[in-house]
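These notes concern the structure reproduced below.
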Amino acid sequence: MAQETILEVKNLKKYFPIKGGIFGKKTLNQVKAVDDVSFHVKKGETLGIVGESGCGKSTTGKTILQLIEATDGEVLFKGKDITKASKQEMKNLRREIQIIFQDPFASLNPRMKVGEIIEEPLINFGLCEGKKARRDRVLELMDQVGLRPEQIDRHPHEFSGGQRQRIGIARALACEPSIIIADEPVSALDVSIQSQVLNLLRDLQKELGLTYIFISHDLSVVKHFCDRIGVMYLGRMVEMAGKHELYDRPLHPYAEALLSAVPVMDPKRKKKDIILEGDVPSPSDPPKGCAFHPRCPMKMDICSEVRPQLENQNGRFVACHLYDQPTEPERTG
Amino acid sequence: MSKVLDVKDLEVSVKIDNERRNIVNKVSFSVNEGETLGIVGESGCGKSMTSLSIMDLLPQALSVTGGSLTLNGEELTKLSKNAYRKKRGKEMAMIFQEPMTSLNPVYTIGFQIVELVRNHTKKSKKEAYDRALHMLKLVGIPRADQVLHEYPHQLSGGMRQRVMIAMALSCNPGLLIADEPTTALDVTIQAQILRLMQSLQDEMNMSIVMITHDLGVVAETCDRVIVMYAGEVVEEATVEELFESPKHPYTKGLVASVPNMDKDEEYLSSISGTVPTPEQMPTGCRFAPRCKHAFEACHQTPPLFDVNEQSKSRCWLYHEEASNVQEGRKEVGAGNHS
Ligand SMILES: Nc1ncnc2c1ncn2[C@@H]1O[C@H](COP(=O)(O)OP(=O)(O)OP(=O)(O)O)[C@@H](O)[C@H]1O
Ligand SMILES: Nc1ncnc2c1ncn2[C@@H]1O[C@H](COP(=O)(O)OP(=O)(O)OP(=O)(O)O)[C@@H](O)[C@H]1O
Ligand code: SF4
Ligand SMILES: [Mg+2]
Ligand SMILES: [Mg+2]
């Protein structure tokens, strides 16, 4: 596998203002949706991002693409900071970095026909000249994602949830991107189509050397599909490791709880999931110290005081005081 | 155990260019009091449309064109719009697959829940508001008091889904139809929501129809399961039987497609081909064009055979005279990657 870093995210932050007051104009507080996240992705690699609902996965994806403006931080694509890119550069980047959205219904124009939706990027980016050639390409893309040629003139609302997701995938592929940020791309699909789509994404990766950032909460899919995985909690990356390392031995207590809660396909097996006690914390008022401490079964005194940093633990990264060097708590405490 | 919901030979069709096409074809199933029935099946096979017809919320182009729907002994298909509206929310409630299509973007979350609660109960505004807050907390929404004043677009995908779950559960419905209720949620929250549904079920004997493609969730929550393919029920089984010994070749392919956490596979097993569109629906078994075991008989429409006490399968391999293909029956399934 190629080793060249294609995308690097440095100290990325996205704070959303919470408006209030009588006219809804006053900024009362902020939702720290993404709070100081750093990671890199190598060319041809698949980086998985998992984590609690609302922890900032989609926001991370959208800020990378500049669909929402970052509050702070850098996003380096092939070494160049795209948060500072010009309009023209950004247009080209929008082709190279594609996103498959989580909510397929909200992201497809209801007035356009499926064929037009998939054709649009071909026209916009001049990827395919000639009406006939474009139609053939659209049909080819539809076939790749498992849509029938007769469906080319239908509108999005005539499709089921899973079928709509495939339209979004076809549109992304039409751009011939080098990175695809896939936000829950298969969660609306039934498992047999899910496996078709994952096999397809893998084939495309091999053929075209695609790089994926794969956001998902389905941990069995992530294990199957990703090379490395980042675990997010409340706007921060709390663990980052190779898939085998993570699944064999999660280091962060949240990662451990997450893995233990995966539903198993055996009605007779009663699993013992680690039930997380305590309230889900608010990203507008994150707990002091480790954001996970109010729910953490392993919590120590230091955890409610000092925020643990993402640190190297024999080649993998974890942000948790359990892995502090023995002298460190004394130094800080 | 008494039947809460009974669906018999339900047919839903769509009008395209003045032509009616069946989307749901003679689907029958029932749900007992306090029971959880799972519905799984290929994307586009009609799961959502089946549930929307029970709720009388089908999109405009679609309509129920046959069969009967009975809720607690009362025929639903003959109800007036108004009578139906009174049932929704209280007697039956639904968690929709796509939160954004059912949450109103111009009203705050709090307003939407409060309205719903006030429509179905005698609660005062203040009580309804407290109820809304309580429900949001129950489904694990952080900063619930703020979220009440926010609009749907300000929430993450999973938060919207939980808001909808809170709405559906806010009036203690007797029957809950949950269409992919936890797809946008991470597994710890999913576990929490499933436990919440379970406890409401235990407390109030709520019946649940659980539509999901997550077979792990099916295994953990359902008592019985129906498997749908191209608008038809192709298998019905107890949850134990379904996983221990799936019968229909489609079900086998489905179960085999799930990524195995204990194995490293470059490619996943999958069923090759796609579901036929209504225009090209085969006359016999609808799965035949994709089935490795299709034989002569499959040109005829198979009935739902009783395979044993625990399961039924719409596949000719389970006809008693199909013993010459019995060999095949053992190996049916485990689709291949194509
Ligand atoms: N408004 C519509 N007009 C025409 N066809 C429609 C319309 N809505 C749905 N359909 C068709 O009805 C079929 C059944 O759709 P339904 O939404 O019930 O599928 P589903 O089983 O819920 O799938 P999924 O798992 O993807 O949600 C699909 O093939 C779809 O194309
Ligand atoms: N436009 C917005 N305005 C205000 N807050 C927002 C906005 N978009 C997202 N947020 C907040 O940012 C946080 C992170 O949201 P995000 O959508 O990134 O979560 P997520 O990890 O993708 O969750 P999920 O798994 O549920 O999709 C949430 O608390 C959400 O309420
Ligand atoms: S730092 Fe402390 S509270 Fe946070 S995960 Fe580690 S042990 Fe738990
Ligand atoms: Mg998201
Ligand atoms: Mg559906």
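Following the order of the structure tokens, chains are lettered A, B, ..., residues in each are numbered from 1, and ligands are numbered from 1.
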**Report entry** Within 7 Å of chain B: residues of chain A, using only C-alpha atoms, as JSON, numbers by chain
**Finding:** {"A": [51, 52, 53, 54, 146, 160, 162, 163, 187, 189, 190, 191, 192, 195, 196, 199, 217, 220, 221, 223, 224, 258, 261, 262, 263, 264, 265, 266, 267, 280, 281, 282]}
Would you write out those residues with N, CA and C atoms, as a CSV table (one decimal), in the first residue's frame?
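Printed below is result20.csv as written:
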```csv
chain,number,residue,atom,x,y,z
A,51,GLY,N,-18.0,6.6,16.6
A,51,GLY,CA,-18.2,7.4,17.9
A,51,GLY,C,-19.6,7.6,18.1
A,52,GLU,N,-19.9,8.1,19.3
A,52,GLU,CA,-21.2,8.4,19.7
A,52,GLU,C,-22.0,9.3,18.7
A,53,SER,N,-23.2,9.1,18.6
A,53,SER,CA,-24.1,10.0,17.9
A,53,SER,C,-23.9,11.4,18.4
A,54,GLY,N,-23.7,12.3,17.5
A,54,GLY,CA,-23.6,13.7,17.9
A,54,GLY,C,-22.2,14.1,18.3
A,146,GLY,N,-26.0,-0.8,-8.7
A,146,GLY,CA,-27.1,-1.7,-8.6
A,146,GLY,C,-28.5,-1.0,-8.8
A,160,SER,N,-36.9,3.9,-2.5
A,160,SER,CA,-36.8,3.5,-1.1
A,160,SER,C,-35.6,4.2,-0.5
A,162,GLY,N,-32.9,2.9,0.8
A,162,GLY,CA,-31.7,2.3,0.4
A,162,GLY,C,-31.3,2.6,-1.0
A,163,GLN,N,-32.3,2.7,-1.9
A,163,GLN,CA,-32.1,3.0,-3.3
A,163,GLN,C,-31.6,4.4,-3.4
A,187,SER,N,-25.6,2.6,5.9
A,187,SER,CA,-26.4,2.3,7.0
A,187,SER,C,-27.9,2.2,6.6
A,189,LEU,N,-28.9,0.7,3.9
A,189,LEU,CA,-29.0,-0.5,3.0
A,189,LEU,C,-29.2,-1.8,3.7
A,190,ASP,N,-29.9,-2.7,3.1
A,190,ASP,CA,-30.0,-4.0,3.7
A,190,ASP,C,-28.7,-4.7,3.5
A,191,VAL,N,-28.5,-5.7,4.3
A,191,VAL,CA,-27.1,-6.3,4.4
A,191,VAL,C,-26.7,-6.9,3.0
A,192,SER,N,-27.6,-7.4,2.2
A,192,SER,CA,-27.1,-8.0,0.9
A,192,SER,C,-26.6,-6.9,0.0
A,195,SER,N,-23.4,-5.4,1.3
A,195,SER,CA,-22.2,-6.2,0.9
A,195,SER,C,-21.8,-5.9,-0.5
A,196,GLN,N,-22.8,-5.8,-1.4
A,196,GLN,CA,-22.5,-5.4,-2.8
A,196,GLN,C,-21.8,-4.0,-2.9
A,199,ASN,N,-18.3,-4.2,-1.5
A,199,ASN,CA,-17.4,-4.9,-2.4
A,199,ASN,C,-17.1,-4.0,-3.6
A,217,HIS,N,-21.4,3.8,12.3
A,217,HIS,CA,-21.5,3.3,13.6
A,217,HIS,C,-21.7,1.8,13.6
A,220,SER,N,-19.1,-3.8,12.9
A,220,SER,CA,-18.7,-4.9,12.1
A,220,SER,C,-18.3,-4.5,10.7
A,221,VAL,N,-19.1,-3.6,10.1
A,221,VAL,CA,-18.7,-3.0,8.8
A,221,VAL,C,-17.4,-2.3,8.8
A,223,LYS,N,-14.9,-2.8,10.9
A,223,LYS,CA,-13.8,-3.8,11.0
A,223,LYS,C,-13.5,-4.4,9.7
A,224,HIS,N,-14.6,-4.7,8.9
A,224,HIS,CA,-14.4,-5.4,7.7
A,224,HIS,C,-13.7,-4.4,6.7
A,258,LEU,N,-18.1,0.7,23.6
A,258,LEU,CA,-18.7,0.7,22.2
A,258,LEU,C,-18.6,-0.7,21.6
A,261,ALA,N,-21.0,-3.2,23.0
A,261,ALA,CA,-22.5,-3.0,22.7
A,261,ALA,C,-22.9,-3.5,21.3
A,262,VAL,N,-22.0,-4.0,20.6
A,262,VAL,CA,-22.3,-4.4,19.2
A,262,VAL,C,-23.4,-5.6,19.3
A,263,PRO,N,-24.5,-5.4,18.6
A,263,PRO,CA,-25.5,-6.5,18.7
A,263,PRO,C,-24.9,-7.8,18.0
A,264,VAL,N,-25.2,-8.9,18.6
A,264,VAL,CA,-24.7,-10.1,18.0
A,264,VAL,C,-25.8,-10.9,17.4
A,265,MET,N,-25.5,-11.5,16.3
A,265,MET,CA,-26.5,-12.2,15.5
A,265,MET,C,-26.8,-13.6,16.0
A,266,ASP,N,-27.0,-13.7,17.3
A,266,ASP,CA,-27.4,-15.0,17.8
A,266,ASP,C,-28.4,-14.8,18.9
A,267,PRO,N,-29.6,-15.1,18.7
A,267,PRO,CA,-30.7,-14.8,19.7
A,267,PRO,C,-30.4,-15.6,21.0
A,280,VAL,N,-25.5,11.5,28.9
A,280,VAL,CA,-24.7,11.9,27.8
A,280,VAL,C,-24.4,13.4,28.0
A,281,PRO,N,-23.1,13.7,27.9
A,281,PRO,CA,-22.7,15.1,28.2
A,281,PRO,C,-23.1,16.0,27.0
A,282,SER,N,-23.1,17.3,27.3
A,282,SER,CA,-23.4,18.2,26.3
A,282,SER,C,-22.2,18.9,25.7
```
Query - Near-Phe111 (chain B) list (9 Å; only C-alpha atoms; drop same-chain fewer than 3 positions) as a ChimeraX atom specification - result: /B:107-108,114-116,129,148-149
Filtering to N, CA and C atoms, could you give me those residues as an mmCIF file, in the first residue's frame?
```cif
data_model
loop_
_atom_site.group_PDB
_atom_site.id
_atom_site.type_symbol
_atom_site.label_atom_id
_atom_site.label_comp_id
_atom_site.auth_asym_id
_atom_site.auth_seq_id
_atom_site.Cartn_x
_atom_site.Cartn_y
_atom_site.Cartn_z
ATOM 1 N N TYR B 107 -40.827 24.291 12.699
ATOM 2 C CA TYR B 107 -41.185 24.378 14.117
ATOM 3 C C TYR B 107 -40.080 23.828 14.998
ATOM 4 N N THR B 108 -39.999 24.331 16.216
ATOM 5 C CA THR B 108 -38.993 23.808 17.130
ATOM 6 C C THR B 108 -39.391 22.395 17.559
ATOM 7 N N VAL B 114 -44.912 18.898 22.035
ATOM 8 C CA VAL B 114 -45.980 19.412 22.890
ATOM 9 C C VAL B 114 -47.339 19.326 22.166
ATOM 10 N N GLU B 115 -47.350 19.721 20.891
ATOM 11 C CA GLU B 115 -48.578 19.630 20.093
ATOM 12 C C GLU B 115 -49.130 18.209 20.089
ATOM 13 N N LEU B 116 -48.216 17.281 19.815
ATOM 14 C CA LEU B 116 -48.607 15.883 19.715
ATOM 15 C C LEU B 116 -49.200 15.391 21.026
ATOM 16 N N TYR B 129 -45.179 20.026 28.157
ATOM 17 C CA TYR B 129 -43.798 20.466 28.023
ATOM 18 C C TYR B 129 -42.875 19.606 28.888
ATOM 19 N N LEU B 148 -35.070 21.476 23.037
ATOM 20 C CA LEU B 148 -36.498 21.777 22.898
ATOM 21 C C LEU B 148 -36.732 23.068 22.101
ATOM 22 N N HIS B 149 -35.791 23.984 22.204
ATOM 23 C CA HIS B 149 -35.965 25.273 21.515
ATOM 24 C C HIS B 149 -35.264 25.333 20.168
#
```
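Those residues in region 132-328 of chain A carrying a DSSP assignment of strand (DSSP E or B), computed from the backbone, are Ile179, Ile180, Ile181, Ala182, Asp183, Thr211, Tyr212, Ile213, Phe214, Ile215, Arg228, Ile229, Gly230, Val231, Met232, Tyr233, Arg236, Met237, Val238, Glu239, Met240, Ala241, Gly242, Glu311, Asn312, Gln313, Arg316, Phe317 and Val318 of chain A.
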Restricting the output to C-alpha atoms, write the selected residues as a PDB file, in the first residue's frame.
```pdb
ATOM      1  CA  ILE A 179     -10.921  10.818  -1.744  1.00  0.00           C
ATOM      2  CA  ILE A 180     -14.417   9.899  -0.763  1.00  0.00           C
ATOM      3  CA  ILE A 181     -15.736  10.925   2.609  1.00  0.00           C
ATOM      4  CA  ALA A 182     -18.471   8.425   3.111  1.00  0.00           C
ATOM      5  CA  ASP A 183     -20.839   9.425   5.915  1.00  0.00           C
ATOM      6  CA  THR A 211      -8.826   6.845  -0.425  1.00  0.00           C
ATOM      7  CA  TYR A 212     -11.765   6.640   1.931  1.00  0.00           C
ATOM      8  CA  ILE A 213     -12.777   8.292   5.128  1.00  0.00           C
ATOM      9  CA  PHE A 214     -15.509   6.022   6.272  1.00  0.00           C
ATOM     10  CA  ILE A 215     -17.870   7.288   8.953  1.00  0.00           C
ATOM     11  CA  ARG A 228      -7.204   2.247  10.678  1.00  0.00           C
ATOM     12  CA  ILE A 229      -9.901   3.552  12.947  1.00  0.00           C
ATOM     13  CA  GLY A 230     -10.365   6.731  14.929  1.00  0.00           C
ATOM     14  CA  VAL A 231     -12.799   6.738  17.836  1.00  0.00           C
ATOM     15  CA  MET A 232     -14.405  10.082  18.626  1.00  0.00           C
ATOM     16  CA  TYR A 233     -16.132  11.188  21.767  1.00  0.00           C
ATOM     17  CA  ARG A 236     -12.434  14.817  20.231  1.00  0.00           C
ATOM     18  CA  MET A 237     -10.449  11.883  18.995  1.00  0.00           C
ATOM     19  CA  VAL A 238      -9.978   9.551  21.963  1.00  0.00           C
ATOM     20  CA  GLU A 239      -8.323   6.603  20.280  1.00  0.00           C
ATOM     21  CA  MET A 240      -6.675   5.924  16.947  1.00  0.00           C
ATOM     22  CA  ALA A 241      -5.359   2.505  16.051  1.00  0.00           C
ATOM     23  CA  GLY A 242      -5.061  -0.167  13.402  1.00  0.00           C
ATOM     24  CA  GLU A 311      -0.635  10.162  23.117  1.00  0.00           C
ATOM     25  CA  ASN A 312       1.425   7.503  21.491  1.00  0.00           C
ATOM     26  CA  GLN A 313       1.087   4.120  23.159  1.00  0.00           C
ATOM     27  CA  ARG A 316      -1.238   3.574  18.620  1.00  0.00           C
ATOM     28  CA  PHE A 317      -2.845   6.601  20.106  1.00  0.00           C
ATOM     29  CA  VAL A 318      -5.116   7.003  23.101  1.00  0.00           C
TER      30      VAL A 318
END
```
Requested in this report: Counting only C-alpha atoms and all ligand atoms, name the residues that have an atom within 10 Å of an atom of ligand 3; the answer should be given as a ChimeraX atom specification.
Outcome: /A:238,251-256,289-309,318-324
Query raised in the report: With distances taken over only C-alpha atoms and all ligand atoms, which of A:Gly79, A:Gly126, A:Gly161, A:Pro177 is nearest to ligand 5?
Result: A:Gly161
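Residues in contact range of region 62-73 of chain A, defined as at most 8 Å between only C-alpha atoms, with sequence neighbours fewer than 4 positions away removed, read Val9, Lys10, Asn11, Leu12, Lys13, Lys14, Tyr15, Asp36, Ser58, Thr83, Arg94 and Ile97 of chain A.
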Selection to disk with N, CA, C and O atoms, as an mmCIF file, in the first residue's frame:
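For reference, selection-v1.cif as written:
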```cif
data_model
loop_
_atom_site.group_PDB
_atom_site.id
_atom_site.type_symbol
_atom_site.label_atom_id
_atom_site.label_comp_id
_atom_site.auth_asym_id
_atom_site.auth_seq_id
_atom_site.Cartn_x
_atom_site.Cartn_y
_atom_site.Cartn_z
ATOM 1 N N VAL A 9 -5.347 16.469 8.704
ATOM 2 C CA VAL A 9 -6.197 17.408 9.430
ATOM 3 C C VAL A 9 -5.454 17.797 10.703
ATOM 4 O O VAL A 9 -4.981 16.927 11.432
ATOM 5 N N LYS A 10 -5.286 19.105 10.903
ATOM 6 C CA LYS A 10 -4.497 19.554 12.063
ATOM 7 C C LYS A 10 -5.316 20.458 12.957
ATOM 8 O O LYS A 10 -5.757 21.519 12.522
ATOM 9 N N ASN A 11 -5.497 20.041 14.185
ATOM 10 C CA ASN A 11 -6.174 20.857 15.203
ATOM 11 C C ASN A 11 -7.480 21.475 14.720
ATOM 12 O O ASN A 11 -7.766 22.639 14.949
ATOM 13 N N LEU A 12 -8.243 20.678 14.035
ATOM 14 C CA LEU A 12 -9.496 21.168 13.464
ATOM 15 C C LEU A 12 -10.524 21.460 14.560
ATOM 16 O O LEU A 12 -10.732 20.664 15.479
ATOM 17 N N LYS A 13 -11.157 22.631 14.436
ATOM 18 C CA LYS A 13 -12.202 22.999 15.400
ATOM 19 C C LYS A 13 -13.413 23.531 14.665
ATOM 20 O O LYS A 13 -13.271 24.289 13.707
ATOM 21 N N LYS A 14 -14.559 23.134 15.123
ATOM 22 C CA LYS A 14 -15.783 23.760 14.623
ATOM 23 C C LYS A 14 -16.719 24.002 15.796
ATOM 24 O O LYS A 14 -17.181 23.056 16.446
ATOM 25 N N TYR A 15 -16.926 25.275 16.104
ATOM 26 C CA TYR A 15 -17.864 25.623 17.170
ATOM 27 C C TYR A 15 -19.086 26.252 16.532
ATOM 28 O O TYR A 15 -18.973 27.181 15.748
ATOM 29 N N ASP A 36 -10.495 20.380 18.308
ATOM 30 C CA ASP A 36 -9.084 20.040 18.267
ATOM 31 C C ASP A 36 -8.839 18.603 17.804
ATOM 32 O O ASP A 36 -8.298 17.785 18.529
ATOM 33 N N SER A 58 -19.936 13.843 11.362
ATOM 34 C CA SER A 58 -20.388 14.487 10.127
ATOM 35 C C SER A 58 -19.811 15.890 10.009
ATOM 36 O O SER A 58 -19.416 16.318 8.921
ATOM 37 N N THR A 83 -8.101 25.203 3.602
ATOM 38 C CA THR A 83 -8.946 26.208 4.242
ATOM 39 C C THR A 83 -8.615 27.587 3.665
ATOM 40 O O THR A 83 -9.351 28.538 3.849
ATOM 41 N N ARG A 94 -13.488 20.228 -4.938
ATOM 42 C CA ARG A 94 -14.812 19.632 -4.728
ATOM 43 C C ARG A 94 -15.025 18.418 -5.621
ATOM 44 O O ARG A 94 -15.915 17.620 -5.382
ATOM 45 N N ILE A 97 -12.402 15.668 -3.830
ATOM 46 C CA ILE A 97 -12.871 15.159 -2.543
ATOM 47 C C ILE A 97 -14.387 15.099 -2.597
ATOM 48 O O ILE A 97 -15.053 16.121 -2.686
#
```
Query raised in the report: Any idea what's packed within 9 Å of region 68-77 of chain B, counting only C-alpha atoms, ignoring anything in its chain fewer than 3 positions away? Could you give it as a list in words?
Result: Ser2, Lys3, Val4, Leu5, Asp6, Val7, Lys8, Asp9, Leu10, Glu11, Ser53, Ile54, Asp56, Val64, Ser80, Tyr84, Glu91, Met92 and Leu175 of chain B
Query raised in the report: Neighbours of Phe16 (chain A) within 8 Å (only C-alpha atoms; same-chain residues fewer than 4 positions away dropped), as a VMD selection string?
Result: chain A and resid 30 to 33
Can you spit out the residues from that selection as a PDB file, in the first residue's frame, using all heavy atoms?
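Result written to part-v1.pdb:
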```
ATOM      1  N   GLN A  30     -21.676  28.054  22.913  1.00  0.00           N
ATOM      2  CA  GLN A  30     -21.208  27.402  21.708  1.00  0.00           C
ATOM      3  C   GLN A  30     -21.320  25.898  21.837  1.00  0.00           C
ATOM      4  O   GLN A  30     -21.114  25.350  22.910  1.00  0.00           O
ATOM      5  CB  GLN A  30     -19.734  27.747  21.481  1.00  0.00           C
ATOM      6  CG  GLN A  30     -19.522  29.169  21.012  1.00  0.00           C
ATOM      7  CD  GLN A  30     -18.060  29.478  20.920  1.00  0.00           C
ATOM      8  OE1 GLN A  30     -17.280  29.078  21.789  1.00  0.00           O
ATOM      9  NE2 GLN A  30     -17.672  30.173  19.879  1.00  0.00           N
ATOM     10  N   VAL A  31     -21.654  25.237  20.718  1.00  0.00           N
ATOM     11  CA  VAL A  31     -21.574  23.787  20.675  1.00  0.00           C
ATOM     12  C   VAL A  31     -20.214  23.455  20.093  1.00  0.00           C
ATOM     13  O   VAL A  31     -19.918  23.798  18.953  1.00  0.00           O
ATOM     14  CB  VAL A  31     -22.680  23.187  19.770  1.00  0.00           C
ATOM     15  CG1 VAL A  31     -22.492  21.686  19.637  1.00  0.00           C
ATOM     16  CG2 VAL A  31     -24.051  23.501  20.319  1.00  0.00           C
ATOM     17  N   LYS A  32     -19.389  22.808  20.899  1.00  0.00           N
ATOM     18  CA  LYS A  32     -18.062  22.457  20.393  1.00  0.00           C
ATOM     19  C   LYS A  32     -18.167  21.118  19.669  1.00  0.00           C
ATOM     20  O   LYS A  32     -17.851  20.072  20.212  1.00  0.00           O
ATOM     21  CB  LYS A  32     -17.070  22.392  21.542  1.00  0.00           C
ATOM     22  CG  LYS A  32     -16.899  23.749  22.200  1.00  0.00           C
ATOM     23  CD  LYS A  32     -15.873  23.705  23.315  1.00  0.00           C
ATOM     24  CE  LYS A  32     -15.623  25.121  23.818  1.00  0.00           C
ATOM     25  NZ  LYS A  32     -14.802  25.155  25.016  1.00  0.00           N
ATOM     26  N   ALA A  33     -18.653  21.211  18.431  1.00  0.00           N
ATOM     27  CA  ALA A  33     -18.931  19.985  17.676  1.00  0.00           C
ATOM     28  C   ALA A  33     -17.655  19.235  17.344  1.00  0.00           C
ATOM     29  O   ALA A  33     -17.600  18.010  17.421  1.00  0.00           O
ATOM     30  CB  ALA A  33     -19.694  20.326  16.406  1.00  0.00           C
TER      31      ALA A  33
END
```
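Between CA of Leu310 (chain A) and CA of Ile100 (chain A) lies a distance of 28.4 Å.
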